[in-house]
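Okay, my_file_12.cif now, which holds mmCIF, C-alpha atoms:
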data_target
#
loop_
_atom_site.label_atom_id
_atom_site.label_comp_id
_atom_site.auth_asym_id
_atom_site.auth_seq_id
_atom_site.Cartn_x
_atom_site.Cartn_y
_atom_site.Cartn_z
CA MET A 290 45.87 95.28 32.92
CA THR A 291 49.21 95.60 31.15
CA ALA A 292 51.54 92.76 30.25
CA LEU A 293 53.95 93.83 33.01
CA ASP A 294 51.18 93.65 35.62
CA LYS A 295 50.24 90.16 34.40
CA GLN A 296 53.86 89.03 34.73
CA LYS A 297 54.04 90.37 38.29
CA ASN A 298 50.81 88.56 39.22
CA THR A 299 52.13 85.39 37.62
CA PHE A 300 55.36 85.60 39.63
CA ALA A 301 53.47 86.14 42.86
CA PHE A 302 51.34 83.05 42.19
CA LEU A 303 54.36 80.90 41.26
CA LYS A 304 56.46 82.20 44.18
CA GLU A 305 53.77 81.14 46.61
CA LYS A 306 53.42 77.69 45.03
CA PHE A 307 57.08 76.78 44.36
CA HIS A 308 58.84 79.00 46.96
CA TYR A 309 61.00 80.94 44.53
CA THR A 310 63.32 83.53 46.04
CA ASN A 311 64.27 85.34 42.84
CA ILE A 312 62.03 86.55 40.00
CA PHE A 313 64.37 84.94 37.46
CA GLU A 314 63.71 81.47 38.88
CA ALA A 315 60.08 81.58 37.81
CA PRO A 316 59.22 80.17 34.39
CA ARG A 317 57.96 82.53 31.71
CA VAL A 318 56.66 82.34 28.17
CA GLU A 319 59.60 82.73 25.79
CA LYS A 320 58.02 82.34 22.36
CA ILE A 321 54.91 81.28 20.50
CA ILE A 322 55.14 79.40 17.21
CA VAL A 323 52.10 79.41 14.92
CA SER A 324 52.31 77.00 12.01
CA THR A 325 50.07 75.54 9.35
CA GLY A 326 50.43 73.05 6.52
CA ILE A 327 48.94 73.79 3.14
CA GLY A 328 48.26 70.22 2.06
CA SER A 329 48.57 69.15 -1.54
CA THR A 330 47.37 72.36 -3.12
CA LYS A 331 48.95 74.03 -6.10
CA ASP A 332 46.29 76.75 -6.12
CA LYS A 333 48.18 80.05 -5.87
CA ARG A 334 45.04 81.90 -4.72
CA LYS A 335 44.54 79.60 -1.73
CA LEU A 336 48.19 80.04 -0.73
CA ASP A 337 47.76 83.81 -0.86
CA ILE A 338 44.61 83.57 1.30
CA ILE A 339 46.42 81.46 3.92
CA LEU A 340 49.37 83.86 3.91
CA ASP A 341 47.10 86.89 4.25
CA ARG A 342 44.95 85.45 7.05
CA LEU A 343 47.91 84.22 9.07
CA SER A 344 49.53 87.64 8.88
CA LYS A 345 46.25 89.27 10.00
CA ILE A 346 45.85 86.84 12.91
CA THR A 347 49.40 87.16 14.23
CA GLY A 348 50.39 90.64 13.08
CA GLN A 349 53.55 89.30 11.47
CA LYS A 350 54.42 87.95 8.02
CA PRO A 351 54.67 84.13 7.90
CA LEU A 352 57.79 82.33 6.72
CA ALA A 353 57.29 79.74 4.00
CA ARG A 354 58.48 76.26 4.98
CA THR A 355 59.75 74.17 2.09
CA ALA A 356 60.10 70.44 1.50
CA LYS A 357 63.55 69.08 2.32
CA LYS A 358 63.26 65.97 0.15
CA SER A 359 61.43 65.02 -3.03
CA ILE A 360 58.78 62.31 -2.64
CA ALA A 361 57.53 61.01 -5.98
CA THR A 362 54.38 59.30 -4.67
CA PHE A 363 53.12 62.60 -3.25
CA LYS A 364 54.28 64.58 -6.32
CA LEU A 365 56.37 66.65 -3.96
CA ARG A 366 59.59 68.26 -5.12
CA GLU A 367 62.43 69.57 -2.99
CA GLY A 368 61.86 73.27 -2.37
CA ASP A 369 58.06 73.21 -2.76
CA VAL A 370 56.17 75.19 -0.11
CA VAL A 371 54.53 72.76 2.35
CA GLY A 372 53.45 75.20 5.06
CA TYR A 373 53.92 78.50 6.84
CA GLN A 374 55.37 79.29 10.24
CA ILE A 375 55.54 82.38 12.45
CA THR A 376 57.61 82.81 15.62
CA LEU A 377 56.29 85.50 17.97
CA ARG A 378 58.30 87.09 20.76
CA GLY A 379 57.96 90.14 22.98
CA PRO A 380 54.86 92.37 22.92
CA ARG A 381 53.36 90.66 19.83
CA MET A 382 53.65 87.33 21.61
CA LEU A 383 51.88 88.63 24.72
CA ASP A 384 49.13 90.25 22.64
CA PHE A 385 48.59 87.04 20.66
CA LEU A 386 48.54 84.95 23.84
CA ASP A 387 45.96 87.28 25.38
CA LYS A 388 43.81 87.09 22.23
CA LEU A 389 44.16 83.29 22.10
CA ILE A 390 43.16 82.77 25.75
CA HIS A 391 40.37 85.33 26.08
CA ILE A 392 38.84 85.55 22.60
CA ALA A 393 39.73 82.64 20.30
CA LEU A 394 39.58 79.57 22.55
CA PRO A 395 36.17 80.48 24.06
CA ARG A 396 34.82 80.74 20.48
CA THR A 397 35.89 77.17 19.71
CA ARG A 398 33.02 74.77 19.25
CA ASP A 399 32.67 72.15 22.05
CA PHE A 400 35.74 73.49 23.87
CA ARG A 401 36.30 71.87 27.25
CA GLY A 402 39.80 73.13 27.96
CA VAL A 403 43.31 72.28 26.84
CA PRO A 404 44.25 68.73 27.87
CA ARG A 405 47.04 68.58 30.43
CA THR A 406 48.62 65.83 28.34
CA SER A 407 49.43 68.42 25.67
CA ILE A 408 52.11 69.84 28.00
CA ASP A 409 55.39 68.09 27.17
CA GLU A 410 58.21 67.21 29.56
CA MET A 411 60.11 70.41 28.77
CA GLY A 412 57.20 72.67 29.74
CA ASN A 413 55.83 73.57 26.30
CA VAL A 414 52.22 73.20 25.23
CA THR A 415 50.91 72.60 21.71
CA ILE A 416 47.32 73.42 20.84
CA GLY A 417 45.76 72.23 17.60
CA ILE A 418 43.11 74.53 16.17
CA LYS A 419 40.84 72.98 13.53
CA GLU A 420 39.46 76.22 12.08
CA HIS A 421 41.23 79.55 11.84
CA THR A 422 37.86 81.31 11.87
CA ILE A 423 37.83 81.41 15.70
CA PHE A 424 40.08 84.46 15.47
CA PRO A 425 38.21 87.75 14.99
CA GLU A 426 40.56 88.92 12.21
CA ALA A 427 39.62 86.00 9.97
CA SER A 428 36.75 87.00 7.72
CA ASP A 429 33.83 84.59 7.74
CA GLU A 430 32.78 85.41 4.19
CA GLU A 431 35.04 82.81 2.54
CA LEU A 432 34.16 79.66 4.47
CA ARG A 433 35.41 77.27 1.82
CA ASP A 434 39.05 78.20 2.48
CA VAL A 435 39.13 77.18 6.15
CA PHE A 436 42.44 75.82 7.41
CA GLY A 437 43.76 74.55 10.70
CA LEU A 438 46.81 75.67 12.57
CA SER A 439 49.04 74.65 15.42
CA VAL A 440 50.05 76.96 18.26
CA THR A 441 53.08 75.98 20.35
CA ILE A 442 53.77 78.02 23.47
CA GLY A 443 57.41 77.66 24.51
CA THR A 444 58.30 78.33 28.14
CA SER A 445 61.38 78.29 30.34
CA ALA A 446 59.71 75.85 32.76
CA ARG A 447 61.85 72.94 33.90
CA THR A 448 59.03 70.53 34.74
CA LYS A 449 55.50 69.74 33.67
CA GLU A 450 54.13 70.92 37.02
CA GLU A 451 55.82 74.33 36.72
CA ALA A 452 54.45 74.72 33.21
CA ALA A 453 50.92 73.77 34.28
CA ALA A 454 51.08 76.30 37.14
CA LEU A 455 52.37 78.98 34.74
CA PHE A 456 49.56 78.34 32.25
CA GLU A 457 46.94 78.37 35.02
CA SER A 458 48.24 81.71 36.29
CA LEU A 459 48.13 83.13 32.76
CA GLY A 460 44.50 82.05 32.45
CA LEU A 461 44.90 79.24 29.90
CA PRO A 462 41.89 76.96 30.44
CA LEU A 463 43.42 73.57 31.31
CA GLN A 464 41.24 70.54 31.86
CA LYS A 465 40.89 69.29 35.42
CA GLU A 466 42.87 66.19 36.31
#
What's the structure tokens form of this structure?
Amino acid sequence: MTALDKQKNTFAFLKEKFHYTNIFEAPRVEKIIVSTGIGSTKDKRKLDIILDRLSKITGQKPLARTAKKSIATFKLREGDVVGYQITLRGPRMLDFLDKLIHIALPRTRDFRGVPRTSIDEMGNVTIGIKEHTIFPEASDEELRDVFGLSVTIGTSARTKEEAAALFESLGLPLQKE
């Protein structure tokens, strides 16, 4: 099933539930932001591993996020790299979402669904992933360099209910109320 077919099925589901008259009224996924913090490491090799694995997982090169202020107690200087972030849109976004829903989340240990409370009032959902190794691109040979990441799915939904219906129609496993 292509991404266009999935969008048509999603609209049909949402039209029936919310009585939309136009396809542009229905909410849709606009972007996915994948981000990770690197902690207090100065190890250049670990930073390269995180950069490499994130680019393999998402198919796009991460952008380094730097510290805005110096904090002496944390030995943090302004301009130091504190994490990486990737914004996905278009076909890469849809491919990543498909991989997240159908491959990565089912591989998560003790996964019981995404809590409905993780959907915010503006219709976005943030999923915290403890280990990046749930993605098939991440090699399992170096288990000592495991890092967590955050996946935020941004939608055009106007309410929490619209967003929950959109995620259900996309196949995101939400917990029952």
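Take CA of Pro351 (chain A) and CA of Glu319 (chain A): the distance between them is 18.6 Å.
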Residues within 9 Å of Gly460 (chain A), all atoms listed in the file, excluding chain neighbours under 4 positions, as an NGL selection string:
:A and (387 or 390-391 or 455-456)
- What does the PyMOL selection byres ((chain A and resi 350) around 10) select in this file, as a list in words? Leu340, Asp341, Arg342, Leu343, Ser344, Lys345, Ile346, Thr347, Gly348, Gln349, Pro351, Leu352, Ala353, Tyr373, Gln374, Ile375 and Thr376 of chain A
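Pairwise distance (CA of Thr444 (chain A), CA of Arg401 (chain A)) equals 22.9 Å.
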Quiz item: Taking all atoms listed in the file into account, which of A:Met411, A:Leu461, A:Val435, A:Met382 comes nearest Ile322 (chain A)?
Solution: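 Selected residue with least distance to Ile322 (chain A): A:Met382.
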For the atom pair CA of His421 (chain A) and CA of Ile360 (chain A), what is the interatomic distance in Å to one decimal place?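 Straight-line distance from CA of His421 (chain A) to CA of Ile360 (chain A) works out to 28.5 Å.
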**Item:** Picked residues, the PyMOL selection byres ((chain A and resi 449) around 12), as an MDAnalysis selection string
**Value:** chainID A and resid 316 405:414 444:448 450:456
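Nearest to Leu389 (chain A) of all the residues A:Gly368, A:Gly443, A:Pro425, A:Pro404 is A:Pro425, counting all atoms listed in the file.
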Using only C-alpha atoms, determine which residues lie at most 12 Å from Val370 (chain A), disregarding the query and same-chain residues fewer than 2 positions distant; provide the list as a PDB file with C-alpha atoms, keeping the file's coordinate frame.
ATOM      1  CA  THR A 325      50.070  75.540   9.350  1.00  0.00           C
ATOM      2  CA  GLY A 326      50.430  73.050   6.520  1.00  0.00           C
ATOM      3  CA  ILE A 327      48.940  73.790   3.140  1.00  0.00           C
ATOM      4  CA  GLY A 328      48.260  70.220   2.060  1.00  0.00           C
ATOM      5  CA  SER A 329      48.570  69.150  -1.540  1.00  0.00           C
ATOM      6  CA  THR A 330      47.370  72.360  -3.120  1.00  0.00           C
ATOM      7  CA  LYS A 331      48.950  74.030  -6.100  1.00  0.00           C
ATOM      8  CA  ASP A 332      46.290  76.750  -6.120  1.00  0.00           C
ATOM      9  CA  LYS A 333      48.180  80.050  -5.870  1.00  0.00           C
ATOM     10  CA  LEU A 336      48.190  80.040  -0.730  1.00  0.00           C
ATOM     11  CA  LEU A 340      49.370  83.860   3.910  1.00  0.00           C
ATOM     12  CA  LEU A 352      57.790  82.330   6.720  1.00  0.00           C
ATOM     13  CA  ALA A 353      57.290  79.740   4.000  1.00  0.00           C
ATOM     14  CA  ARG A 354      58.480  76.260   4.980  1.00  0.00           C
ATOM     15  CA  THR A 355      59.750  74.170   2.090  1.00  0.00           C
ATOM     16  CA  ALA A 356      60.100  70.440   1.500  1.00  0.00           C
ATOM     17  CA  LYS A 357      63.550  69.080   2.320  1.00  0.00           C
ATOM     18  CA  LYS A 358      63.260  65.970   0.150  1.00  0.00           C
ATOM     19  CA  SER A 359      61.430  65.020  -3.030  1.00  0.00           C
ATOM     20  CA  LEU A 365      56.370  66.650  -3.960  1.00  0.00           C
ATOM     21  CA  ARG A 366      59.590  68.260  -5.120  1.00  0.00           C
ATOM     22  CA  GLU A 367      62.430  69.570  -2.990  1.00  0.00           C
ATOM     23  CA  GLY A 368      61.860  73.270  -2.370  1.00  0.00           C
ATOM     24  CA  GLY A 372      53.450  75.200   5.060  1.00  0.00           C
ATOM     25  CA  TYR A 373      53.920  78.500   6.840  1.00  0.00           C
ATOM     26  CA  GLN A 374      55.370  79.290  10.240  1.00  0.00           C
TER      27      GLN A 374
END
inquiry  = Please enumerate the residues selected by the PyMOL selection byres ((chain A and resi 304) around 12) when evaluated against the supplied file, formatted as a ChimeraX atom specification.
reply    = /A:296-303,305-316,451,454-455,458
For the selection you just gave me, I'd like the residues written to a file as a PDB file, keeping the file's coordinate frame, keeping C-alpha atoms.
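Done, and the output landed in part20.pdb:
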ATOM      1  CA  GLN A 296      53.860  89.030  34.730  1.00  0.00           C
ATOM      2  CA  LYS A 297      54.040  90.370  38.290  1.00  0.00           C
ATOM      3  CA  ASN A 298      50.810  88.560  39.220  1.00  0.00           C
ATOM      4  CA  THR A 299      52.130  85.390  37.620  1.00  0.00           C
ATOM      5  CA  PHE A 300      55.360  85.600  39.630  1.00  0.00           C
ATOM      6  CA  ALA A 301      53.470  86.140  42.860  1.00  0.00           C
ATOM      7  CA  PHE A 302      51.340  83.050  42.190  1.00  0.00           C
ATOM      8  CA  LEU A 303      54.360  80.900  41.260  1.00  0.00           C
ATOM      9  CA  GLU A 305      53.770  81.140  46.610  1.00  0.00           C
ATOM     10  CA  LYS A 306      53.420  77.690  45.030  1.00  0.00           C
ATOM     11  CA  PHE A 307      57.080  76.780  44.360  1.00  0.00           C
ATOM     12  CA  HIS A 308      58.840  79.000  46.960  1.00  0.00           C
ATOM     13  CA  TYR A 309      61.000  80.940  44.530  1.00  0.00           C
ATOM     14  CA  THR A 310      63.320  83.530  46.040  1.00  0.00           C
ATOM     15  CA  ASN A 311      64.270  85.340  42.840  1.00  0.00           C
ATOM     16  CA  ILE A 312      62.030  86.550  40.000  1.00  0.00           C
ATOM     17  CA  PHE A 313      64.370  84.940  37.460  1.00  0.00           C
ATOM     18  CA  GLU A 314      63.710  81.470  38.880  1.00  0.00           C
ATOM     19  CA  ALA A 315      60.080  81.580  37.810  1.00  0.00           C
ATOM     20  CA  PRO A 316      59.220  80.170  34.390  1.00  0.00           C
ATOM     21  CA  GLU A 451      55.820  74.330  36.720  1.00  0.00           C
ATOM     22  CA  ALA A 454      51.080  76.300  37.140  1.00  0.00           C
ATOM     23  CA  LEU A 455      52.370  78.980  34.740  1.00  0.00           C
ATOM     24  CA  SER A 458      48.240  81.710  36.290  1.00  0.00           C
TER      25      SER A 458
END
Show me, as lines of an AutoDock Vina configuration file, the centre and edge lengths in Å to one decimal of the axis-aligned box that covers every listed atom of region 313-326 of chain A with 5 Å on each side.
center_x = 57.2
center_y = 79.0
center_z = 22.7
size_x = 24.3
size_y = 21.9
size_z = 42.4
Check your understanding: Counting all atoms listed in the file, what is within 10 Å of region 393-398 of chain A, bar same-chain residues fewer than 4 positions away, as a ChimeraX atom specification?
Key -> /A:385-389,402-403,418-425,461-462
